[in-house]
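Dropping coords-v6.tsv in here (TSV, C-alpha atoms):
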chain	number	residue	atom	x	y	z
A	1	MET	CA	127.91	110.97	74.45
A	2	LYS	CA	125.88	109.62	71.60
A	3	ARG	CA	123.63	106.68	72.33
A	4	PRO	CA	125.16	103.43	70.95
A	5	THR	CA	123.34	102.15	67.89
A	6	LEU	CA	122.47	98.64	66.81
A	7	GLU	CA	125.06	98.97	64.04
A	8	ALA	CA	127.78	99.94	66.51
A	9	VAL	CA	126.99	96.92	68.70
A	10	ALA	CA	127.09	94.68	65.62
A	11	ALA	CA	130.53	96.05	64.64
A	12	ARG	CA	131.88	95.52	68.18
A	13	ALA	CA	130.55	91.94	68.31
A	14	GLY	CA	131.65	91.14	64.75
A	15	VAL	CA	128.17	90.04	63.67
A	16	SER	CA	125.40	91.38	61.45
A	17	ARG	CA	122.86	93.97	62.53
A	18	ALA	CA	120.13	91.34	62.07
A	19	THR	CA	121.87	89.02	64.55
A	20	VAL	CA	122.04	91.76	67.20
A	21	SER	CA	118.36	92.54	66.61
A	22	ARG	CA	117.39	88.90	67.10
A	23	VAL	CA	119.37	88.66	70.35
A	24	VAL	CA	118.05	91.85	71.97
A	25	ASN	CA	114.49	91.00	70.91
A	26	GLY	CA	114.61	87.56	72.51
A	27	GLY	CA	115.05	85.49	69.37
A	28	THR	CA	115.92	81.81	69.79
A	29	THR	CA	117.60	81.12	66.44
A	30	VAL	CA	121.05	82.44	67.43
A	31	THR	CA	123.86	80.15	68.55
A	32	PRO	CA	125.08	80.46	72.15
A	33	GLU	CA	128.50	81.71	70.94
A	34	LEU	CA	127.02	84.54	68.90
A	35	ARG	CA	124.56	85.41	71.68
A	36	ASP	CA	127.43	85.69	74.18
A	37	ALA	CA	129.40	87.91	71.79
A	38	VAL	CA	126.43	90.21	71.28
A	39	MET	CA	125.66	90.47	75.01
A	40	ARG	CA	129.31	91.28	75.79
A	41	ALA	CA	129.18	94.11	73.25
A	42	VAL	CA	125.86	95.32	74.68
A	43	ASP	CA	127.34	95.43	78.20
A	44	GLU	CA	130.59	97.08	77.12
A	45	MET	CA	128.85	99.82	75.13
A	46	GLY	CA	125.90	100.35	77.47
A	47	TYR	CA	123.45	99.74	74.66
A	48	VAL	CA	119.76	100.23	75.54
A	49	PRO	CA	117.18	98.95	73.00
A	50	ASN	CA	114.82	101.46	71.43
A	51	LEU	CA	111.56	100.13	72.84
A	52	ALA	CA	109.38	101.83	70.27
A	53	ALA	CA	111.34	100.31	67.40
A	54	ARG	CA	111.42	96.96	69.18
A	55	SER	CA	107.63	97.00	69.52
A	56	LEU	CA	107.31	97.57	65.77
A	57	VAL	CA	109.40	94.47	65.12
A	58	THR	CA	107.94	92.16	67.77
A	59	GLN	CA	104.36	93.54	67.80
A	60	ARG	CA	104.64	93.39	71.61
A	61	THR	CA	104.96	95.98	74.34
A	62	ASP	CA	105.68	93.44	77.12
A	63	SER	CA	103.26	95.44	79.27
A	64	ILE	CA	100.00	94.35	80.91
A	65	ALA	CA	97.39	96.82	82.16
A	66	LEU	CA	95.94	96.08	85.60
A	67	VAL	CA	92.70	98.08	85.53
A	68	VAL	CA	90.90	98.57	88.86
A	69	SER	CA	87.38	99.96	88.52
A	70	GLU	CA	87.50	101.89	91.80
A	71	PRO	CA	88.54	105.43	92.81
A	72	PRO	CA	91.95	105.98	94.48
A	73	THR	CA	90.32	106.45	97.89
A	74	ARG	CA	89.04	102.86	97.69
A	75	VAL	CA	92.13	101.23	96.17
A	76	PHE	CA	94.48	102.84	98.70
A	77	SER	CA	92.16	102.39	101.70
A	78	ASP	CA	92.49	99.85	104.52
A	79	ASP	CA	91.09	97.07	102.29
A	80	PRO	CA	94.06	94.69	101.90
A	81	MET	CA	92.52	92.94	98.88
A	82	PHE	CA	93.79	95.53	96.42
A	83	ALA	CA	97.37	95.54	97.68
A	84	THR	CA	97.44	91.73	97.75
A	85	VAL	CA	96.15	91.44	94.18
A	86	ILE	CA	98.54	94.09	92.84
A	87	ARG	CA	101.55	92.46	94.55
A	88	ALA	CA	100.64	88.95	93.40
A	89	ALA	CA	99.93	90.01	89.81
A	90	SER	CA	103.12	92.07	89.63
A	91	SER	CA	105.19	89.15	90.93
A	92	GLU	CA	103.65	86.72	88.45
A	93	LEU	CA	104.17	89.13	85.54
A	94	GLU	CA	107.76	89.79	86.60
A	95	GLU	CA	108.40	86.05	86.39
A	96	ALA	CA	107.09	86.21	82.82
A	97	ASP	CA	109.32	89.24	82.03
A	98	ARG	CA	106.29	91.53	81.67
A	99	GLN	CA	105.66	94.96	83.12
A	100	VAL	CA	102.42	95.79	84.97
A	101	ILE	CA	100.76	99.17	84.44
A	102	LEU	CA	98.26	100.07	87.17
A	103	MET	CA	95.28	102.07	85.91
A	104	LEU	CA	92.32	103.28	88.00
A	105	ALA	CA	88.92	103.58	86.37
A	106	GLY	CA	86.55	104.60	89.14
A	107	THR	CA	84.92	107.48	87.28
A	108	PRO	CA	83.56	108.12	83.75
A	109	ALA	CA	86.68	110.18	83.02
A	110	GLY	CA	88.81	107.28	84.24
A	111	HIS	CA	86.97	104.86	81.98
A	112	ALA	CA	87.51	107.13	78.98
A	113	ARG	CA	91.21	107.55	79.80
A	114	VAL	CA	91.71	103.78	80.06
A	115	GLU	CA	89.87	103.19	76.77
A	116	ARG	CA	92.07	105.73	74.98
A	117	TYR	CA	95.21	104.15	76.38
A	118	LEU	CA	94.20	100.63	75.41
A	119	THR	CA	93.10	101.74	71.94
A	120	GLY	CA	96.57	103.21	71.45
A	121	GLY	CA	98.11	99.73	71.60
A	122	HIS	CA	100.28	100.47	74.64
A	123	VAL	CA	99.71	97.06	76.27
A	124	ASP	CA	99.57	93.42	75.19
A	125	GLY	CA	96.73	92.46	77.52
A	126	VAL	CA	94.40	93.62	80.29
A	127	MET	CA	93.47	92.40	83.76
A	128	LEU	CA	90.19	93.82	85.08
A	129	VAL	CA	89.61	94.01	88.84
A	130	SER	CA	86.61	95.02	91.01
A	131	MET	CA	84.10	95.63	88.25
A	132	HIS	CA	80.59	96.88	88.92
A	133	GLY	CA	77.43	96.12	86.99
A	134	ALA	CA	77.35	99.31	84.93
A	135	ASP	CA	81.06	99.16	84.06
A	136	PRO	CA	81.48	99.90	80.33
A	137	LEU	CA	85.04	98.58	80.09
A	138	PRO	CA	84.33	94.86	79.54
A	139	ALA	CA	82.21	95.56	76.46
A	140	ALA	CA	84.66	98.19	75.18
A	141	ILE	CA	87.65	95.88	75.57
A	142	THR	CA	85.76	93.06	73.85
A	143	ARG	CA	85.18	95.37	70.87
A	144	MET	CA	88.88	96.30	70.80
A	145	ARG	CA	89.85	92.61	70.64
A	146	VAL	CA	92.57	93.22	73.24
A	147	PRO	CA	93.32	90.01	75.19
A	148	ALA	CA	91.67	90.48	78.58
A	149	VAL	CA	90.75	88.52	81.70
A	150	SER	CA	88.59	89.56	84.64
A	151	LEU	CA	89.50	88.81	88.24
A	152	GLY	CA	85.96	88.00	89.31
A	153	ARG	CA	83.05	86.97	87.13
A	154	PRO	CA	81.80	89.98	85.14
A	155	ALA	CA	78.42	91.37	86.12
A	156	VAL	CA	77.61	92.23	82.51
A	157	ASN	CA	76.87	89.74	79.74
A	158	VAL	CA	80.12	89.80	77.75
A	159	ASN	CA	82.36	87.08	76.42
A	160	LEU	CA	85.21	87.74	78.82
A	161	PRO	CA	87.29	84.97	80.44
A	162	TYR	CA	87.56	85.21	84.20
A	163	VAL	CA	89.01	83.78	87.40
A	164	ASP	CA	86.76	83.75	90.45
A	165	ASN	CA	86.31	81.92	93.74
A	166	ASP	CA	83.28	79.92	94.81
A	167	ASN	CA	81.31	82.77	96.37
A	168	VAL	CA	78.03	80.85	96.54
A	169	GLY	CA	79.62	77.76	98.05
A	170	GLY	CA	81.57	79.81	100.58
A	171	ALA	CA	78.45	81.64	101.75
A	172	GLU	CA	76.58	78.35	102.03
A	173	ALA	CA	79.37	76.90	104.17
A	174	ALA	CA	79.26	79.95	106.46
A	175	VAL	CA	75.49	79.75	107.03
A	176	ARG	CA	75.52	75.97	107.49
A	177	HIS	CA	78.22	76.41	110.13
A	178	LEU	CA	76.01	78.86	112.01
A	179	LEU	CA	73.04	76.47	111.84
A	180	GLU	CA	75.21	73.62	113.10
A	181	ARG	CA	76.20	75.81	116.06
A	182	GLY	CA	72.55	76.09	116.99
A	183	ARG	CA	71.88	79.60	115.69
A	184	ARG	CA	68.27	80.18	114.67
A	185	ARG	CA	67.88	83.82	113.60
A	186	ILE	CA	70.70	84.39	111.14
A	187	ALA	CA	71.01	87.76	109.42
A	188	THR	CA	73.40	88.84	106.69
A	189	ILE	CA	75.22	92.00	105.70
A	190	ALA	CA	75.39	91.64	101.92
A	191	GLY	CA	77.86	93.30	99.58
A	192	PRO	CA	77.02	95.79	96.81
A	193	PRO	CA	74.19	94.45	94.64
A	194	ASP	CA	75.96	95.63	91.46
A	195	MET	CA	78.95	93.34	92.10
A	196	VAL	CA	78.91	89.62	91.42
A	197	GLY	CA	80.63	88.83	94.72
A	198	GLY	CA	77.84	90.59	96.60
A	199	GLN	CA	75.14	88.90	94.53
A	200	ASP	CA	76.58	85.39	94.85
A	201	ARG	CA	77.23	85.52	98.59
A	202	LEU	CA	73.69	86.75	99.19
A	203	ALA	CA	72.38	83.93	96.98
A	204	GLY	CA	74.33	81.34	98.99
A	205	TYR	CA	73.01	82.73	102.27
A	206	ARG	CA	69.42	82.63	101.03
A	207	ALA	CA	69.74	79.15	99.55
A	208	VAL	CA	70.70	77.59	102.91
A	209	LEU	CA	68.04	79.47	104.88
A	210	GLN	CA	65.31	78.52	102.40
A	211	GLY	CA	66.32	74.90	102.80
A	212	SER	CA	65.98	75.21	106.58
A	213	ASP	CA	62.66	77.10	106.49
A	214	ARG	CA	64.14	80.21	108.09
A	215	ARG	CA	63.52	83.74	106.90
A	216	SER	CA	66.18	86.04	105.49
A	217	ILE	CA	67.20	89.17	107.41
A	218	VAL	CA	69.25	91.36	105.08
A	219	ALA	CA	71.10	94.67	105.24
A	220	ILE	CA	73.32	96.00	102.46
A	221	GLY	CA	76.89	97.29	102.76
A	222	ASP	CA	79.56	98.37	100.30
A	223	PHE	CA	82.48	96.19	101.49
A	224	THR	CA	83.84	98.95	103.77
A	225	ARG	CA	84.24	98.81	107.55
A	226	GLU	CA	81.93	101.79	108.12
A	227	SER	CA	79.14	100.26	106.04
A	228	GLY	CA	79.33	97.11	108.16
A	229	LEU	CA	78.87	99.14	111.33
A	230	VAL	CA	75.86	101.00	109.91
A	231	ALA	CA	74.30	97.81	108.50
A	232	MET	CA	74.68	95.96	111.82
A	233	ARG	CA	72.89	98.76	113.65
A	234	GLN	CA	70.08	98.49	111.10
A	235	LEU	CA	69.83	94.73	111.59
A	236	LEU	CA	69.59	95.10	115.37
A	237	GLU	CA	66.75	97.58	114.91
A	238	ASP	CA	64.97	95.30	112.42
A	239	ASP	CA	65.35	92.15	114.53
A	240	PRO	CA	66.67	92.67	118.08
A	241	GLY	CA	66.48	88.91	118.68
A	242	LEU	CA	68.92	87.84	115.94
A	243	ASP	CA	71.63	85.52	117.21
A	244	ALA	CA	74.02	85.33	114.24
A	245	VAL	CA	75.17	87.31	111.23
A	246	PHE	CA	76.99	86.26	108.07
A	247	VAL	CA	78.92	89.23	106.69
A	248	ALA	CA	79.94	89.30	103.02
A	249	ASN	CA	83.49	90.46	103.71
A	250	ASP	CA	85.81	90.77	106.69
A	251	LEU	CA	86.08	94.57	106.70
A	252	MET	CA	82.31	94.86	107.10
A	253	ALA	CA	82.49	92.14	109.77
A	254	LEU	CA	84.95	94.30	111.74
A	255	GLY	CA	82.46	97.16	111.60
A	256	ALA	CA	79.62	94.83	112.57
A	257	MET	CA	81.52	93.58	115.63
A	258	LYS	CA	82.09	97.17	116.74
A	259	ALA	CA	78.37	97.88	116.42
A	260	LEU	CA	77.57	94.78	118.47
A	261	ARG	CA	79.96	95.87	121.23
A	262	GLN	CA	78.42	99.33	121.27
A	263	ALA	CA	74.97	97.72	121.60
A	264	GLY	CA	76.12	95.59	124.55
A	265	ARG	CA	75.96	92.31	122.56
A	266	ARG	CA	78.66	89.75	123.23
A	267	VAL	CA	80.32	87.84	120.37
A	268	PRO	CA	79.69	84.93	120.10
A	269	ASP	CA	77.59	84.48	123.26
A	270	ASP	CA	74.74	86.72	122.07
A	271	VAL	CA	75.50	87.05	118.37
A	272	ALA	CA	77.84	84.83	116.35
A	273	VAL	CA	79.69	86.47	113.45
A	274	VAL	CA	81.16	84.91	110.29
A	275	GLY	CA	83.00	86.98	107.69
A	276	PHE	CA	84.34	86.33	104.21
A	277	ASP	CA	87.93	86.81	102.89
A	278	ASP	CA	90.22	85.80	105.78
A	279	ILE	CA	92.25	89.00	105.77
A	280	GLU	CA	95.15	89.17	108.22
A	281	ALA	CA	93.16	91.33	110.67
A	282	ALA	CA	90.61	88.50	111.08
A	283	ARG	CA	93.07	86.67	113.33
A	284	TYR	CA	93.48	89.66	115.64
A	285	THR	CA	89.90	90.75	116.27
A	286	GLU	CA	88.44	90.22	119.73
A	287	PRO	CA	87.35	87.49	119.54
A	288	PRO	CA	89.21	86.19	116.43
A	289	LEU	CA	86.90	86.12	113.42
A	290	THR	CA	85.49	82.95	111.89
A	291	THR	CA	85.51	83.53	108.16
A	292	ILE	CA	85.55	82.08	104.67
A	293	ARG	CA	89.00	82.16	103.11
A	294	GLN	CA	89.12	83.26	99.51
A	295	PRO	CA	92.59	82.90	97.96
A	296	PHE	CA	93.39	86.44	96.76
A	297	ARG	CA	97.00	85.66	95.83
A	298	GLU	CA	96.09	82.48	94.00
A	299	GLN	CA	93.28	84.29	92.15
A	300	ALA	CA	95.60	87.04	90.97
A	301	ALA	CA	98.28	84.58	89.89
A	302	ALA	CA	95.73	82.40	88.09
A	303	THR	CA	94.36	85.50	86.32
A	304	VAL	CA	97.83	86.37	85.04
A	305	ARG	CA	98.45	82.80	83.88
A	306	LEU	CA	95.09	82.66	82.10
A	307	LEU	CA	95.78	85.99	80.35
A	308	LEU	CA	99.27	84.98	79.24
A	309	GLY	CA	97.89	81.67	77.99
A	310	ILE	CA	95.19	83.44	75.97
A	311	MET	CA	97.82	85.77	74.48
A	312	ASP	CA	99.69	82.66	73.34
A	313	GLY	CA	96.54	81.18	71.78
A	314	GLY	CA	95.60	78.98	74.74
A	315	ASP	CA	92.35	78.03	76.48
A	316	VAL	CA	89.82	80.69	77.50
A	317	ALA	CA	87.79	78.57	79.93
A	318	PRO	CA	86.93	80.36	83.20
A	319	VAL	CA	88.64	79.27	86.42
A	320	VAL	CA	86.75	78.98	89.74
A	321	LEU	CA	88.86	78.41	92.86
A	322	PRO	CA	87.52	76.81	96.05
A	323	THR	CA	86.93	78.63	99.33
A	324	GLU	CA	87.54	77.32	102.85
A	325	LEU	CA	85.78	77.79	106.19
A	326	ILE	CA	88.23	79.02	108.83
A	327	VAL	CA	86.75	78.44	112.29
A	328	ARG	CA	87.83	80.80	115.07
A	329	GLU	CA	86.13	82.07	118.21
A	330	SER	CA	83.52	84.49	116.82
A	331	ALA	CA	81.24	81.63	115.71
Output the file's structure as structure tokens, nothing else.
Amino acid sequence: MKRPTLEAVAARAGVSRATVSRVVNGGTTVTPELRDAVMRAVDEMGYVPNLAARSLVTQRTDSIALVVSEPPTRVFSDDPMFATVIRAASSELEEADRQVILMLAGTPAGHARVERYLTGGHVDGVMLVSMHGADPLPAAITRMRVPAVSLGRPAVNVNLPYVDNDNVGGAEAAVRHLLERGRRRIATIAGPPDMVGGQDRLAGYRAVLQGSDRRSIVAIGDFTRESGLVAMRQLLEDDPGLDAVFVANDLMALGAMKALRQAGRRVPDDVAVVGFDDIEAARYTEPPLTTIRQPFREQAAATVRLLLGIMDGGDVAPVVLPTELIVRESA
């Protein structure tokens, strides 16, 4: 069977082709009676709009690219942040009648592929997630003049609106909590130095210790569980007498707690542990993990709202959401 045309729908509904076009493209200048007649004809004939032609008329694709600057092995790992962000963004975009297109850009080839796709005008806007310092996409997207928002403050100096959480304040709250619990030799497992989250949480840790005249004891991880285990072993070698550790995310904290058990250190009796994120697993560690809650779902939803607002000519001011100390038994 031939695909029903716009003209055929117009004839069935008894209206002009222009009226059908306005209805199927979301126009608001059609009376309810005519709209009902058109939609009945659309349903009866099984009409499906030609999306390419519709895009030419509306100058919209109704699609948003969610670009994650990580390889598939990282995005589809045991880190729940990515799944939470993708679900929350997809839900928010569905409410706005927009389609999300997930794109991974964890390699130079991935970056080039994303740039080609965006240059082709296939999306109305872009959400950037998990960017690293050398990431070329923020500057490239700025040159393209495609509406874009970053989930997380960009590490590079570009004029790109963003939504972030208070990483510095959250880290400060974690270290102050450890000091208030009487801990004196507080180490940290910092995140990647090329990511703003890693930089800011390390800065918050150092700010509190400098104010209390205590020295920093730092190991670096990459936000994975394994890196937390390795970094904790390094810290114990560097300072066997440490009695607390602030870990820049919960996955690394899980690895750190395993390393402490293997070394015969009790948590929190010998070494108190505070993480950052408040992932679901934090409640089920042994003992349950004290951590800083960052609102992943709220961040993703706020990023979508900021992007849609910018696409409609709205405000481009960055949004910074608060964090919260969640006290459990590990510290």
Nearest to Met311 of chain A: which of A:Ala282, A:Ala190, A:Val114, A:Val126 is it, counting all atoms listed in the file?
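Answer, going by the shortest atom-to-atom distance: A:Val126.
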Students should find that atom CA of Ser130 of chain A and atom CA of Thr303 of chain A are spaced 13.1 Å
Using all atoms listed in the file, the residue out of A:Thr224, A:Thr188, A:Ala317, A:Leu34 with shortest distance to Val75 of chain A is A:Thr224
**Message:** I need the residue nearest Arg214 of chain A from this list: A:Arg293, A:Leu179, A:Arg3, A:Asp250. Use all atoms listed in the file for the distance.
**Reply:**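 Of A:Arg293, A:Leu179, A:Arg3, A:Asp250, the one nearest Arg214 of chain A is A:Leu179, counting all atoms listed in the file.
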Selected residue of minimal separation from Asp166 of chain A among A:Ala219, A:Val327, A:Val273, A:Val319, counting only C-alpha atoms: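 Using only C-alpha atoms, the shortest distance to Asp166 of chain A belongs to A:Val319.
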- Task: Write out as a ChimeraX atom specification each polymer residue whose atoms come within 12 Å of Arg40 of chain A, counting all atoms listed in the file; drop sequence neighbours fewer than 6 positions from it.
- Result: /A:9-10,12-14,20,23-24,33-34,46-47
Review point. Near segment 100-111 of chain A, counting all atoms listed in the file, which residues have an atom at most 7 Å away, once you skip same-chain residues fewer than 6 positions from it, shown as a count of residues only?
Key: 12
Using all atoms listed in the file, find all polymer residues with an atom at most 9 Å away from the point (93.5, 79.9, 98.7); report them as a ChimeraX atom specification. /A:165,293-299,321-324
- Task: Using all atoms listed in the file, pick whichever of A:Asp222, A:Val247, A:Asp269, A:Arg185 has the shortest atom-to-atom distance to Arg74 of chain A.
- Result: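 Selected residue with least distance to Arg74 of chain A: A:Asp222.
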Next on the checklist: Please determine, counting all atoms listed in the file, which residue among A:Leu178, A:Ala112, A:Ala253, A:Met127 has the shortest atom-to-atom distance to Val163 of chain A.
Outcome noted: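 Going through A:Leu178, A:Ala112, A:Ala253, A:Met127 one by one, the smallest distance to Val163 of chain A is for A:Met127.
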Pairwise distance, atom CA of Thr31 of chain A with atom CA of Ala8 of chain A, equals 20.3 Å
| field | Distance in Å - atom CA of Ile292 of chain A versus atom CA of Asp238 of chain A | value |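 Separating atom CA of Ile292 of chain A from atom CA of Asp238 of chain A is a distance of 25.7 Å.
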Some atoms are absent from segment 296-312 of chain A, so rebuild N, CA and C atoms and return them as a CSV table (one decimal), keeping the file's coordinate frame.
chain,number,residue,atom,x,y,z
A,296,PHE,N,93.1,85.3,97.6
A,296,PHE,CA,93.4,86.4,96.8
A,296,PHE,C,94.6,86.3,95.9
A,297,ARG,N,95.7,85.8,96.6
A,297,ARG,CA,97.0,85.7,95.8
A,297,ARG,C,96.9,84.7,94.7
A,298,GLU,N,96.2,83.5,95.0
A,298,GLU,CA,96.1,82.5,94.0
A,298,GLU,C,95.2,83.0,92.9
A,299,GLN,N,94.2,83.7,93.2
A,299,GLN,CA,93.3,84.3,92.2
A,299,GLN,C,94.1,85.2,91.2
A,300,ALA,N,94.8,86.1,91.8
A,300,ALA,CA,95.6,87.0,91.0
A,300,ALA,C,96.6,86.3,90.1
A,301,ALA,N,97.3,85.3,90.7
A,301,ALA,CA,98.3,84.6,89.9
A,301,ALA,C,97.6,83.8,88.8
A,302,ALA,N,96.5,83.2,89.1
A,302,ALA,CA,95.7,82.4,88.1
A,302,ALA,C,95.2,83.3,87.0
A,303,THR,N,94.8,84.5,87.3
A,303,THR,CA,94.4,85.5,86.3
A,303,THR,C,95.5,85.8,85.4
A,304,VAL,N,96.7,86.1,85.9
A,304,VAL,CA,97.8,86.4,85.0
A,304,VAL,C,98.1,85.2,84.1
A,305,ARG,N,98.1,84.0,84.7
A,305,ARG,CA,98.4,82.8,83.9
A,305,ARG,C,97.4,82.6,82.8
A,306,LEU,N,96.1,82.8,83.1
A,306,LEU,CA,95.1,82.7,82.1
A,306,LEU,C,95.3,83.7,81.0
A,307,LEU,N,95.6,84.9,81.4
A,307,LEU,CA,95.8,86.0,80.4
A,307,LEU,C,97.0,85.7,79.4
A,308,LEU,N,98.1,85.3,80.1
A,308,LEU,CA,99.3,85.0,79.2
A,308,LEU,C,99.0,83.8,78.3
A,309,GLY,N,98.2,82.8,78.8
A,309,GLY,CA,97.9,81.7,78.0
A,309,GLY,C,97.0,82.1,76.8
A,310,ILE,N,96.1,83.0,77.1
A,310,ILE,CA,95.2,83.4,76.0
A,310,ILE,C,96.0,84.2,74.9
A,311,MET,N,97.0,85.0,75.4
A,311,MET,CA,97.8,85.8,74.5
A,311,MET,C,98.7,84.8,73.6
A,312,ASP,N,98.9,83.7,74.1
A,312,ASP,CA,99.7,82.7,73.3
A,312,ASP,C,98.8,81.7,72.6
